[in-house]
Amino acid sequence: MSPSLSPPRLHRSVPAVAVLLAIVTTLALAASTMSHPAPAGEPLAVSATAQAPVRAPADERPNIVLFSTDDQRLDEMVFLPKTNELLGEQGLTFTEAITPHPLCCPARAEIMTGQLAQNNGVRTNFPPQGGYASFDNSSTIGTDLSAAGYNTAFLGKMLNGYSLDYGRDPGWTLFNATSHGYADYYKFVQYDNGTVERVPGYYTDYLSQKAVEYAHQLSGYDAPFFMWVSHFAPHPSKGREGCDDPSCKNGPPKMSPGYRALSRLAGRAPHEVLAQQMAREVVAKPSFNERDVSDKQGLVRKQRMTSSEKVVRLQQARGAALASVDDALARLVAQLELDGELDNTYIVFVTDNGYQLGEHRWFGKTLPYEENLRTPMLVRGPGVPGGATTDSIATIVDLAPTFLDIADAQTDRVLDGVSLLPTWRGETEEPLHPGGVLIQGGAYKPETGPRGWLYRGVRTARYTYVRYHDGFVELYDRERDPYQVRSVADEPEYAPLRAELARRTRLLQDCAGPADCNRTFGPLPHPAG
């Protein structure tokens, strides 16, 4: 049973409580968005040169806004009713969108470049084959669109490992990135257009306010603009200082001051009832606390079972954190409408990767299971039909080529993705990735050491195939086994299929360019029956 898309109802409060709530929430929001410049002795960045804004009143190309979350599961869209209404009901919803490298830093690099990890150089979150230090910031969607006459803005979580010492990335008119690329929900540091800001408030509220300000500022330049608002929620929060044990290294996402006040007055957290329902559905899956993991790679086999109470706690915290994200999207849409920009703006909502909540005994991302690979993708904008859905497979690697298509812009990179614009506009139903999507995970310590690939494989409309660094293979027929609890890698009737998907993986793992990475291989040898 799928969870309802309707948000839960909170108890009605008497008018006096409602007035008090409004006051408390407003004051909390104001406090949570305050920032303070760093002390005078704080070292400034090595590159503080701003991209000069463009003014082009006659340029009527559409604006583009990318709005992303962090570690959000596809089924958690139920916690974003405003987003569903403003984007889904007014635009197109993808039901089969994929993030092919389900980890924070590689996924962001794919969005920035339109390239897969073997081509953009970012395979994981840490050096030498990952993190911001491995990223070439001289050629990105920011530099592409800036060169094409767009004003550009980046706001929020950058690639892991970014710090204020790196300064402003090239190609951005406005650049406000979180130092170290791993924010906490309270007390964080921003490199705000050349100024180091120590922000004591709540991260999502800060980004919400800045996004509204930047949208208004960009509109005032009277030229097309691109803005990426990169949120942190519902990523786990930082755990206790000095903790190296997995039990305390990360904590649940944190709620905003405004919603804490609401929770005290209403007697429950935002979406609490719905979160409890979703947690029950997760726990009821056959993949939760999977009993027999002998068909899984060693990384899963060594995991212990967990409690259903942990899932409930995490899901409630994640739902509450996403409530603020939902508000932030609504505020941004309202600002675009107020500035007269909404009708000529493409707004895209995605996440970097999904998240497992105990499915296959795993809490986190990285692994090639559906909870990690599938991403929400909603878009509204010129020519996009309202209230439409598509089961066309799309990936976050396709976003950069799409944005270039919208802007009629060029790049010096060889892009691996394909433009989604014809699909957005309903002009084609041709499959974008007919032979399947390359999925992969980079170095994972201690299993692989600091270099290499944890796994590589292919996901098609029906099957998931992966080969791990140690040669272990998993193959799932998701039509017969949607929860991926029984690998059929060693079953004789699937042997021809396994061989074909292995062949496709070998060909795609070194691919470069849209034709090479999105090729047609022909029909698959399906099992009998």
# chains A, B, ... in the order shown; residues from 1 in each chain; ligands from 1
$ residues_around --residues "Phe175 of chain A" --least-positions-apart "6" --cutoff "12 Å" --atoms "only C-alpha atoms" --output "PyMOL selection string"
chain A and resi 47-52+142+151-158+164+166-169+190-196+210-211+214+226-230
$ residues_around --residues "Pro382 of chain A" --least-positions-apart "6" --cutoff "8 Å" --atoms "only C-alpha atoms" --output "PyMOL selection string"
chain A and resi 62+343-346
$ write_last_selection --atoms "N, CA, C and O atoms" --output "PDB file, in the first residue's frame"
ATOM      1  N   PRO A  62      14.217  31.711 -21.058  1.00  0.00           N
ATOM      2  CA  PRO A  62      13.657  31.395 -19.735  1.00  0.00           C
ATOM      3  C   PRO A  62      14.717  31.377 -18.638  1.00  0.00           C
ATOM      4  O   PRO A  62      15.887  31.073 -18.876  1.00  0.00           O
ATOM      5  N   ASP A 343       6.152  32.739 -14.810  1.00  0.00           N
ATOM      6  CA  ASP A 343       5.674  32.138 -16.058  1.00  0.00           C
ATOM      7  C   ASP A 343       6.798  31.870 -17.054  1.00  0.00           C
ATOM      8  O   ASP A 343       6.609  31.094 -17.996  1.00  0.00           O
ATOM      9  N   ASN A 344       7.936  32.501 -16.850  1.00  0.00           N
ATOM     10  CA  ASN A 344       9.060  32.298 -17.764  1.00  0.00           C
ATOM     11  C   ASN A 344      10.241  31.633 -17.045  1.00  0.00           C
ATOM     12  O   ASN A 344      11.398  31.876 -17.369  1.00  0.00           O
ATOM     13  N   THR A 345       9.919  30.785 -16.075  1.00  0.00           N
ATOM     14  CA  THR A 345      10.960  30.129 -15.295  1.00  0.00           C
ATOM     15  C   THR A 345      10.706  28.631 -15.215  1.00  0.00           C
ATOM     16  O   THR A 345       9.607  28.193 -14.861  1.00  0.00           O
ATOM     17  N   TYR A 346      11.721  27.841 -15.554  1.00  0.00           N
ATOM     18  CA  TYR A 346      11.690  26.412 -15.294  1.00  0.00           C
ATOM     19  C   TYR A 346      12.167  26.187 -13.859  1.00  0.00           C
ATOM     20  O   TYR A 346      13.254  26.656 -13.476  1.00  0.00           O
TER      21      TYR A 346
END
$ residues_around --residues "Gln118 of chain A" --least-positions-apart "6" --cutoff "10 Å" --atoms "only C-alpha atoms" --output "PyMOL selection string"
chain A and resi 440+442+509-512
$ residues_around --residues "Leu373 of chain A" --least-positions-apart "6" --cutoff "12 Å" --atoms "only C-alpha atoms" --output "number ranges by chain"
A: 71-74, 96-103, 107, 351-356, 364-367, 393-396, 437-441, 458-460, 464
$ write_last_selection --atoms "C-alpha atoms" --output "PDB file, in the first residue's frame"
ATOM      1  CA  ASP A  71      19.461  12.219   1.069  1.00  0.00           C
ATOM      2  CA  GLN A  72      15.726  12.390   0.368  1.00  0.00           C
ATOM      3  CA  ARG A  73      13.823   9.220  -0.479  1.00  0.00           C
ATOM      4  CA  LEU A  74      11.296   9.285  -3.299  1.00  0.00           C
ATOM      5  CA  GLU A  96      11.422   6.734 -12.805  1.00  0.00           C
ATOM      6  CA  ALA A  97      14.088   9.379 -12.235  1.00  0.00           C
ATOM      7  CA  ILE A  98      17.466   7.988 -11.172  1.00  0.00           C
ATOM      8  CA  THR A  99      20.537   9.281  -9.393  1.00  0.00           C
ATOM      9  CA  PRO A 100      23.087   6.839 -10.857  1.00  0.00           C
ATOM     10  CA  HIS A 101      25.851   7.458  -8.317  1.00  0.00           C
ATOM     11  CA  PRO A 102      23.934   7.636  -5.013  1.00  0.00           C
ATOM     12  CA  LEU A 103      26.323   9.587  -2.829  1.00  0.00           C
ATOM     13  CA  ALA A 107      25.929  13.252  -7.411  1.00  0.00           C
ATOM     14  CA  THR A 351      17.606  15.197  -4.585  1.00  0.00           C
ATOM     15  CA  ASP A 352      21.239  14.116  -4.787  1.00  0.00           C
ATOM     16  CA  ASN A 353      20.547  10.544  -3.644  1.00  0.00           C
ATOM     17  CA  GLY A 354      18.022   8.530  -1.711  1.00  0.00           C
ATOM     18  CA  TYR A 355      18.408   6.798   1.642  1.00  0.00           C
ATOM     19  CA  GLN A 356      17.821   3.356   3.133  1.00  0.00           C
ATOM     20  CA  GLY A 364      22.428   5.266   4.566  1.00  0.00           C
ATOM     21  CA  LYS A 365      23.015   5.532   0.838  1.00  0.00           C
ATOM     22  CA  THR A 366      25.703   4.410  -1.661  1.00  0.00           C
ATOM     23  CA  LEU A 367      24.401   0.870  -2.272  1.00  0.00           C
ATOM     24  CA  ILE A 393      13.804   6.967 -17.179  1.00  0.00           C
ATOM     25  CA  ALA A 394      15.717  10.195 -16.567  1.00  0.00           C
ATOM     26  CA  THR A 395      18.824  10.916 -14.497  1.00  0.00           C
ATOM     27  CA  ILE A 396      20.370  13.859 -12.720  1.00  0.00           C
ATOM     28  CA  VAL A 437      21.702   3.487 -16.969  1.00  0.00           C
ATOM     29  CA  LEU A 438      25.244   2.972 -15.693  1.00  0.00           C
ATOM     30  CA  ILE A 439      25.134   2.853 -11.884  1.00  0.00           C
ATOM     31  CA  GLN A 440      28.249   2.912  -9.753  1.00  0.00           C
ATOM     32  CA  GLY A 441      29.775   3.537  -6.365  1.00  0.00           C
ATOM     33  CA  VAL A 458      23.422  -1.295 -15.044  1.00  0.00           C
ATOM     34  CA  ARG A 459      19.845  -0.497 -14.101  1.00  0.00           C
ATOM     35  CA  THR A 460      17.194  -1.026 -16.772  1.00  0.00           C
ATOM     36  CA  THR A 464      19.361  -4.164 -11.550  1.00  0.00           C
TER      37      THR A 464
END
$ residues_around --residues "segment 304-319 of chain A" --least-positions-apart "4" --cutoff "7 Å" --atoms "only C-alpha atoms" --output "PyMOL selection string"
chain A and resi 79+234+252-254+271-272+275-276+279+283+289+323+357+361
$ write_last_selection --atoms "N, CA, C and O atoms" --output "PDB file, in the first residue's frame"
ATOM      1  N   PHE A  79       5.882  14.435   2.360  1.00  0.00           N
ATOM      2  CA  PHE A  79       6.125  15.485   3.345  1.00  0.00           C
ATOM      3  C   PHE A  79       6.256  16.863   2.704  1.00  0.00           C
ATOM      4  O   PHE A  79       6.564  17.833   3.394  1.00  0.00           O
ATOM      5  N   PRO A 234      16.924  16.216   4.026  1.00  0.00           N
ATOM      6  CA  PRO A 234      16.888  15.671   5.404  1.00  0.00           C
ATOM      7  C   PRO A 234      18.136  14.858   5.772  1.00  0.00           C
ATOM      8  O   PRO A 234      18.037  13.844   6.457  1.00  0.00           O
ATOM      9  N   PRO A 252      19.781  12.367  14.074  1.00  0.00           N
ATOM     10  CA  PRO A 252      18.624  12.625  13.223  1.00  0.00           C
ATOM     11  C   PRO A 252      18.643  14.068  12.715  1.00  0.00           C
ATOM     12  O   PRO A 252      19.257  14.954  13.325  1.00  0.00           O
ATOM     13  N   PRO A 253      17.987  14.344  11.587  1.00  0.00           N
ATOM     14  CA  PRO A 253      17.837  15.734  11.141  1.00  0.00           C
ATOM     15  C   PRO A 253      17.164  16.576  12.224  1.00  0.00           C
ATOM     16  O   PRO A 253      16.391  16.049  13.032  1.00  0.00           O
ATOM     17  N   LYS A 254      17.451  17.859  12.212  1.00  0.00           N
ATOM     18  CA  LYS A 254      16.915  18.737  13.257  1.00  0.00           C
ATOM     19  C   LYS A 254      15.796  19.616  12.718  1.00  0.00           C
ATOM     20  O   LYS A 254      15.788  19.994  11.553  1.00  0.00           O
ATOM     21  N   HIS A 271       3.901  16.654  10.389  1.00  0.00           N
ATOM     22  CA  HIS A 271       3.823  15.378   9.670  1.00  0.00           C
ATOM     23  C   HIS A 271       4.078  14.173  10.576  1.00  0.00           C
ATOM     24  O   HIS A 271       4.446  13.102  10.078  1.00  0.00           O
ATOM     25  N   GLU A 272       3.887  14.316  11.863  1.00  0.00           N
ATOM     26  CA  GLU A 272       4.221  13.227  12.782  1.00  0.00           C
ATOM     27  C   GLU A 272       3.396  11.972  12.506  1.00  0.00           C
ATOM     28  O   GLU A 272       3.930  10.863  12.479  1.00  0.00           O
ATOM     29  N   ALA A 275       4.470  10.428   9.278  1.00  0.00           N
ATOM     30  CA  ALA A 275       5.788   9.811   9.430  1.00  0.00           C
ATOM     31  C   ALA A 275       5.682   8.460  10.130  1.00  0.00           C
ATOM     32  O   ALA A 275       6.374   7.500   9.771  1.00  0.00           O
ATOM     33  N   GLN A 276       4.824   8.374  11.114  1.00  0.00           N
ATOM     34  CA  GLN A 276       4.630   7.091  11.799  1.00  0.00           C
ATOM     35  C   GLN A 276       4.043   6.058  10.847  1.00  0.00           C
ATOM     36  O   GLN A 276       4.441   4.884  10.867  1.00  0.00           O
ATOM     37  N   ALA A 279       6.819   4.946   8.541  1.00  0.00           N
ATOM     38  CA  ALA A 279       7.750   4.063   9.236  1.00  0.00           C
ATOM     39  C   ALA A 279       7.179   2.655   9.343  1.00  0.00           C
ATOM     40  O   ALA A 279       7.911   1.663   9.173  1.00  0.00           O
ATOM     41  N   VAL A 283       8.943  -0.763   7.850  1.00  0.00           N
ATOM     42  CA  VAL A 283       9.189  -1.938   8.688  1.00  0.00           C
ATOM     43  C   VAL A 283       8.451  -3.165   8.149  1.00  0.00           C
ATOM     44  O   VAL A 283       8.922  -4.302   8.312  1.00  0.00           O
ATOM     45  N   ASN A 289      15.224  -5.390   7.749  1.00  0.00           N
ATOM     46  CA  ASN A 289      15.838  -6.424   8.586  1.00  0.00           C
ATOM     47  C   ASN A 289      15.861  -7.766   7.852  1.00  0.00           C
ATOM     48  O   ASN A 289      15.554  -8.823   8.420  1.00  0.00           O
ATOM     49  N   ALA A 323       9.545  19.603   6.218  1.00  0.00           N
ATOM     50  CA  ALA A 323       8.487  20.612   6.282  1.00  0.00           C
ATOM     51  C   ALA A 323       9.049  22.010   6.017  1.00  0.00           C
ATOM     52  O   ALA A 323       8.429  22.827   5.327  1.00  0.00           O
ATOM     53  N   LEU A 357      16.388   3.089   5.047  1.00  0.00           N
ATOM     54  CA  LEU A 357      15.998   3.152   6.451  1.00  0.00           C
ATOM     55  C   LEU A 357      15.868   1.741   7.022  1.00  0.00           C
ATOM     56  O   LEU A 357      14.835   1.371   7.578  1.00  0.00           O
ATOM     57  N   ARG A 361      19.015  -4.229   5.981  1.00  0.00           N
ATOM     58  CA  ARG A 361      19.787  -3.959   7.205  1.00  0.00           C
ATOM     59  C   ARG A 361      20.679  -2.722   7.103  1.00  0.00           C
ATOM     60  O   ARG A 361      21.579  -2.524   7.941  1.00  0.00           O
TER      61      ARG A 361
END
$ select_by_dssp --residues "segment 233-416 of chain A" --states "alpha helix (DSSP H)" --output "CSV table (one decimal) with C-alpha atoms, in the first residue's frame"
chain,number,residue,atom,x,y,z
A,246,PRO,CA,28.8,4.8,13.9
A,247,SER,CA,26.3,4.8,16.8
A,248,CYS,CA,26.9,8.5,17.5
A,249,LYS,CA,28.7,9.8,14.4
A,257,PRO,CA,12.8,26.9,15.6
A,258,GLY,CA,9.5,27.8,14.1
A,259,TYR,CA,8.4,24.1,13.9
A,260,ARG,CA,9.7,23.5,17.4
A,261,ALA,CA,7.3,26.2,18.6
A,262,LEU,CA,4.5,24.7,16.5
A,263,SER,CA,5.2,21.3,18.0
A,264,ARG,CA,4.9,22.5,21.5
A,265,LEU,CA,1.7,24.3,20.9
A,266,ALA,CA,0.0,21.6,18.7
A,272,GLU,CA,4.2,13.2,12.8
A,273,VAL,CA,1.2,11.0,12.1
A,274,LEU,CA,2.2,10.5,8.4
A,275,ALA,CA,5.8,9.8,9.4
A,276,GLN,CA,4.6,7.1,11.8
A,277,GLN,CA,2.5,5.6,9.0
A,278,MET,CA,5.5,5.6,6.6
A,279,ALA,CA,7.8,4.1,9.2
A,280,ARG,CA,5.3,1.2,9.7
A,281,GLU,CA,5.3,0.7,5.9
A,282,VAL,CA,9.1,0.6,5.8
A,283,VAL,CA,9.2,-1.9,8.7
A,284,ALA,CA,6.5,-4.1,6.9
A,298,GLY,CA,29.8,-8.8,2.3
A,299,LEU,CA,29.1,-5.2,3.2
A,300,VAL,CA,25.5,-6.0,3.8
A,301,ARG,CA,26.1,-9.5,5.3
A,308,SER,CA,11.6,-0.5,14.3
A,309,GLU,CA,11.7,2.3,16.9
A,310,LYS,CA,14.8,3.6,15.2
A,311,VAL,CA,13.0,3.9,11.9
A,312,VAL,CA,10.1,5.7,13.6
A,313,ARG,CA,12.4,8.2,15.2
A,314,LEU,CA,14.3,8.9,12.0
A,315,GLN,CA,11.3,9.1,9.8
A,316,GLN,CA,9.6,11.6,12.2
A,317,ALA,CA,12.8,13.7,12.3
A,318,ARG,CA,13.1,13.6,8.5
A,319,GLY,CA,9.5,14.6,7.9
A,320,ALA,CA,9.8,17.5,10.3
A,321,ALA,CA,13.0,18.7,8.5
A,322,LEU,CA,11.4,18.4,5.1
A,323,ALA,CA,8.5,20.6,6.3
A,324,SER,CA,10.9,23.6,6.3
A,325,VAL,CA,12.1,22.7,2.8
A,326,ASP,CA,8.6,22.6,1.6
A,327,ASP,CA,8.0,26.1,3.0
A,328,ALA,CA,11.2,27.3,1.4
A,329,LEU,CA,10.1,26.1,-2.1
A,330,ALA,CA,6.8,27.8,-1.6
A,331,ARG,CA,8.4,31.1,-0.6
A,332,LEU,CA,10.7,31.0,-3.6
A,333,VAL,CA,7.8,30.4,-6.0
A,334,ALA,CA,5.9,33.2,-4.4
A,335,GLN,CA,8.8,35.6,-4.9
A,336,LEU,CA,9.2,34.6,-8.6
A,337,GLU,CA,5.5,35.3,-9.1
A,338,LEU,CA,5.8,38.6,-7.3
A,370,GLU,CA,16.0,1.4,-5.2
A,371,GLU,CA,15.7,3.4,-2.1
A,372,ASN,CA,19.0,5.0,-2.9
A,373,LEU,CA,18.8,5.2,-6.7
A,399,LEU,CA,20.0,18.1,-16.0
A,400,ALA,CA,23.0,20.1,-17.3
A,401,PRO,CA,22.3,19.2,-21.0
A,402,THR,CA,18.7,20.2,-20.4
A,403,PHE,CA,19.7,23.6,-19.0
A,404,LEU,CA,22.0,24.2,-21.9
A,405,ASP,CA,19.2,23.3,-24.3
A,406,ILE,CA,16.9,25.8,-22.6
A,407,ALA,CA,19.5,28.5,-22.8
$ residues_around --residues "Ala499 of chain A" --least-positions-apart "5" --cutoff "12 Å" --atoms "only C-alpha atoms" --output "VMD selection string"
chain A and resid 457 to 458 465 to 467 473 475 489 to 490 492 to 494 504 to 506 524 to 526
$ closest_residue --among "A:Ser419, A:Ser208, A:Gln484, A:Gln115" --to "Phe288 of chain A" --atoms "only C-alpha atoms"
A:Gln484
$ closest_residue --among "A:Tyr203, A:Asp391, A:Pro385, A:His469" --to "Tyr444 of chain A" --atoms "only C-alpha atoms"
A:His469
$ closest_residue --among "A:Met255, A:Cys517, A:Ala443, A:Ala215" --to "Pro106 of chain A" --atoms "only C-alpha atoms"
A:Ala443
$ residues_around --residues "Pro224 of chain A" --least-positions-apart "5" --cutoff "9 Å" --atoms "only C-alpha atoms" --output "list in words"
Val54, Arg55, Ala56, Pro57, Asp59, Glu60, Arg61, Pro62, Asn63, Ile64, Gly149, Tyr150, Asn151, Thr152, Leu218, Ser219 and Ala407 of chain A
$ decode --residues "segment 78-108 of chain A" --atoms "N, CA and C atoms" --output "PDB file, in the first residue's frame"
ATOM      1  N   VAL A  78       5.729  12.828   0.171  1.00  0.00           N
ATOM      2  CA  VAL A  78       4.479  13.062   0.901  1.00  0.00           C
ATOM      3  C   VAL A  78       4.643  14.134   1.964  1.00  0.00           C
ATOM      4  N   PHE A  79       5.882  14.435   2.360  1.00  0.00           N
ATOM      5  CA  PHE A  79       6.125  15.485   3.345  1.00  0.00           C
ATOM      6  C   PHE A  79       6.256  16.863   2.704  1.00  0.00           C
ATOM      7  N   LEU A  80       6.075  16.944   1.395  1.00  0.00           N
ATOM      8  CA  LEU A  80       6.214  18.215   0.678  1.00  0.00           C
ATOM      9  C   LEU A  80       4.937  18.519  -0.105  1.00  0.00           C
ATOM     10  N   PRO A  81       3.807  18.704   0.572  1.00  0.00           N
ATOM     11  CA  PRO A  81       2.549  18.934  -0.143  1.00  0.00           C
ATOM     12  C   PRO A  81       2.541  20.222  -0.958  1.00  0.00           C
ATOM     13  N   LYS A  82       3.212  21.250  -0.492  1.00  0.00           N
ATOM     14  CA  LYS A  82       3.258  22.510  -1.248  1.00  0.00           C
ATOM     15  C   LYS A  82       4.061  22.324  -2.536  1.00  0.00           C
ATOM     16  N   THR A  83       5.152  21.581  -2.437  1.00  0.00           N
ATOM     17  CA  THR A  83       5.960  21.312  -3.626  1.00  0.00           C
ATOM     18  C   THR A  83       5.171  20.482  -4.632  1.00  0.00           C
ATOM     19  N   ASN A  84       4.463  19.470  -4.146  1.00  0.00           N
ATOM     20  CA  ASN A  84       3.624  18.664  -5.036  1.00  0.00           C
ATOM     21  C   ASN A  84       2.574  19.514  -5.732  1.00  0.00           C
ATOM     22  N   GLU A  85       2.018  20.471  -5.004  1.00  0.00           N
ATOM     23  CA  GLU A  85       0.982  21.333  -5.586  1.00  0.00           C
ATOM     24  C   GLU A  85       1.576  22.329  -6.571  1.00  0.00           C
ATOM     25  N   LEU A  86       2.669  22.973  -6.171  1.00  0.00           N
ATOM     26  CA  LEU A  86       3.229  24.063  -6.978  1.00  0.00           C
ATOM     27  C   LEU A  86       4.011  23.561  -8.190  1.00  0.00           C
ATOM     28  N   LEU A  87       4.610  22.396  -8.072  1.00  0.00           N
ATOM     29  CA  LEU A  87       5.378  21.841  -9.196  1.00  0.00           C
ATOM     30  C   LEU A  87       4.658  20.666  -9.839  1.00  0.00           C
ATOM     31  N   GLY A  88       4.233  19.695  -9.040  1.00  0.00           N
ATOM     32  CA  GLY A  88       3.596  18.515  -9.601  1.00  0.00           C
ATOM     33  C   GLY A  88       2.277  18.821 -10.285  1.00  0.00           C
ATOM     34  N   GLU A  89       1.397  19.547  -9.611  1.00  0.00           N
ATOM     35  CA  GLU A  89       0.100  19.855 -10.204  1.00  0.00           C
ATOM     36  C   GLU A  89       0.213  20.888 -11.311  1.00  0.00           C
ATOM     37  N   GLN A  90       1.277  21.676 -11.296  1.00  0.00           N
ATOM     38  CA  GLN A  90       1.479  22.691 -12.324  1.00  0.00           C
ATOM     39  C   GLN A  90       2.510  22.269 -13.364  1.00  0.00           C
ATOM     40  N   GLY A  91       2.980  21.035 -13.270  1.00  0.00           N
ATOM     41  CA  GLY A  91       4.035  20.610 -14.185  1.00  0.00           C
ATOM     42  C   GLY A  91       4.076  19.109 -14.345  1.00  0.00           C
ATOM     43  N   LEU A  92       5.286  18.591 -14.499  1.00  0.00           N
ATOM     44  CA  LEU A  92       5.518  17.192 -14.843  1.00  0.00           C
ATOM     45  C   LEU A  92       6.250  16.486 -13.711  1.00  0.00           C
ATOM     46  N   THR A  93       5.793  15.276 -13.377  1.00  0.00           N
ATOM     47  CA  THR A  93       6.424  14.455 -12.352  1.00  0.00           C
ATOM     48  C   THR A  93       6.994  13.196 -13.001  1.00  0.00           C
ATOM     49  N   PHE A  94       8.287  12.954 -12.782  1.00  0.00           N
ATOM     50  CA  PHE A  94       8.933  11.732 -13.250  1.00  0.00           C
ATOM     51  C   PHE A  94       8.777  10.659 -12.169  1.00  0.00           C
ATOM     52  N   THR A  95       8.311   9.490 -12.553  1.00  0.00           N
ATOM     53  CA  THR A  95       8.181   8.391 -11.602  1.00  0.00           C
ATOM     54  C   THR A  95       9.380   7.452 -11.650  1.00  0.00           C
ATOM     55  N   GLU A  96      10.258   7.611 -12.651  1.00  0.00           N
ATOM     56  CA  GLU A  96      11.422   6.734 -12.805  1.00  0.00           C
ATOM     57  C   GLU A  96      12.701   7.550 -12.988  1.00  0.00           C
ATOM     58  N   ALA A  97      12.851   8.601 -12.189  1.00  0.00           N
ATOM     59  CA  ALA A  97      14.088   9.379 -12.235  1.00  0.00           C
ATOM     60  C   ALA A  97      15.136   8.704 -11.353  1.00  0.00           C
ATOM     61  N   ILE A  98      16.386   8.739 -11.806  1.00  0.00           N
ATOM     62  CA  ILE A  98      17.466   7.988 -11.172  1.00  0.00           C
ATOM     63  C   ILE A  98      18.646   8.905 -10.849  1.00  0.00           C
ATOM     64  N   THR A  99      19.244   8.682  -9.700  1.00  0.00           N
ATOM     65  CA  THR A  99      20.537   9.281  -9.393  1.00  0.00           C
ATOM     66  C   THR A  99      21.566   8.155  -9.462  1.00  0.00           C
ATOM     67  N   PRO A 100      22.316   8.054 -10.562  1.00  0.00           N
ATOM     68  CA  PRO A 100      23.087   6.839 -10.857  1.00  0.00           C
ATOM     69  C   PRO A 100      24.324   6.622 -10.009  1.00  0.00           C
ATOM     70  N   HIS A 101      24.690   7.593  -9.209  1.00  0.00           N
ATOM     71  CA  HIS A 101      25.851   7.458  -8.317  1.00  0.00           C
ATOM     72  C   HIS A 101      25.394   7.968  -6.951  1.00  0.00           C
ATOM     73  N   PRO A 102      24.697   7.136  -6.161  1.00  0.00           N
ATOM     74  CA  PRO A 102      23.934   7.636  -5.013  1.00  0.00           C
ATOM     75  C   PRO A 102      24.769   7.981  -3.789  1.00  0.00           C
ATOM     76  N   LEU A 103      25.513   9.057  -3.920  1.00  0.00           N
ATOM     77  CA  LEU A 103      26.323   9.587  -2.829  1.00  0.00           C
ATOM     78  C   LEU A 103      26.487  11.076  -3.059  1.00  0.00           C
ATOM     79  N   CYS A 104      26.570  11.832  -1.966  1.00  0.00           N
ATOM     80  CA  CYS A 104      26.475  13.296  -2.019  1.00  0.00           C
ATOM     81  C   CYS A 104      27.396  13.953  -3.048  1.00  0.00           C
ATOM     82  N   CYS A 105      28.700  13.788  -2.867  1.00  0.00           N
ATOM     83  CA  CYS A 105      29.662  14.520  -3.688  1.00  0.00           C
ATOM     84  C   CYS A 105      29.643  14.100  -5.159  1.00  0.00           C
ATOM     85  N   PRO A 106      29.675  12.800  -5.471  1.00  0.00           N
ATOM     86  CA  PRO A 106      29.595  12.417  -6.890  1.00  0.00           C
ATOM     87  C   PRO A 106      28.300  12.868  -7.550  1.00  0.00           C
ATOM     88  N   ALA A 107      27.195  12.822  -6.827  1.00  0.00           N
ATOM     89  CA  ALA A 107      25.929  13.252  -7.411  1.00  0.00           C
ATOM     90  C   ALA A 107      25.950  14.737  -7.735  1.00  0.00           C
ATOM     91  N   ARG A 108      26.500  15.535  -6.837  1.00  0.00           N
ATOM     92  CA  ARG A 108      26.575  16.983  -7.107  1.00  0.00           C
ATOM     93  C   ARG A 108      27.512  17.286  -8.270  1.00  0.00           C
TER      94      ARG A 108
END
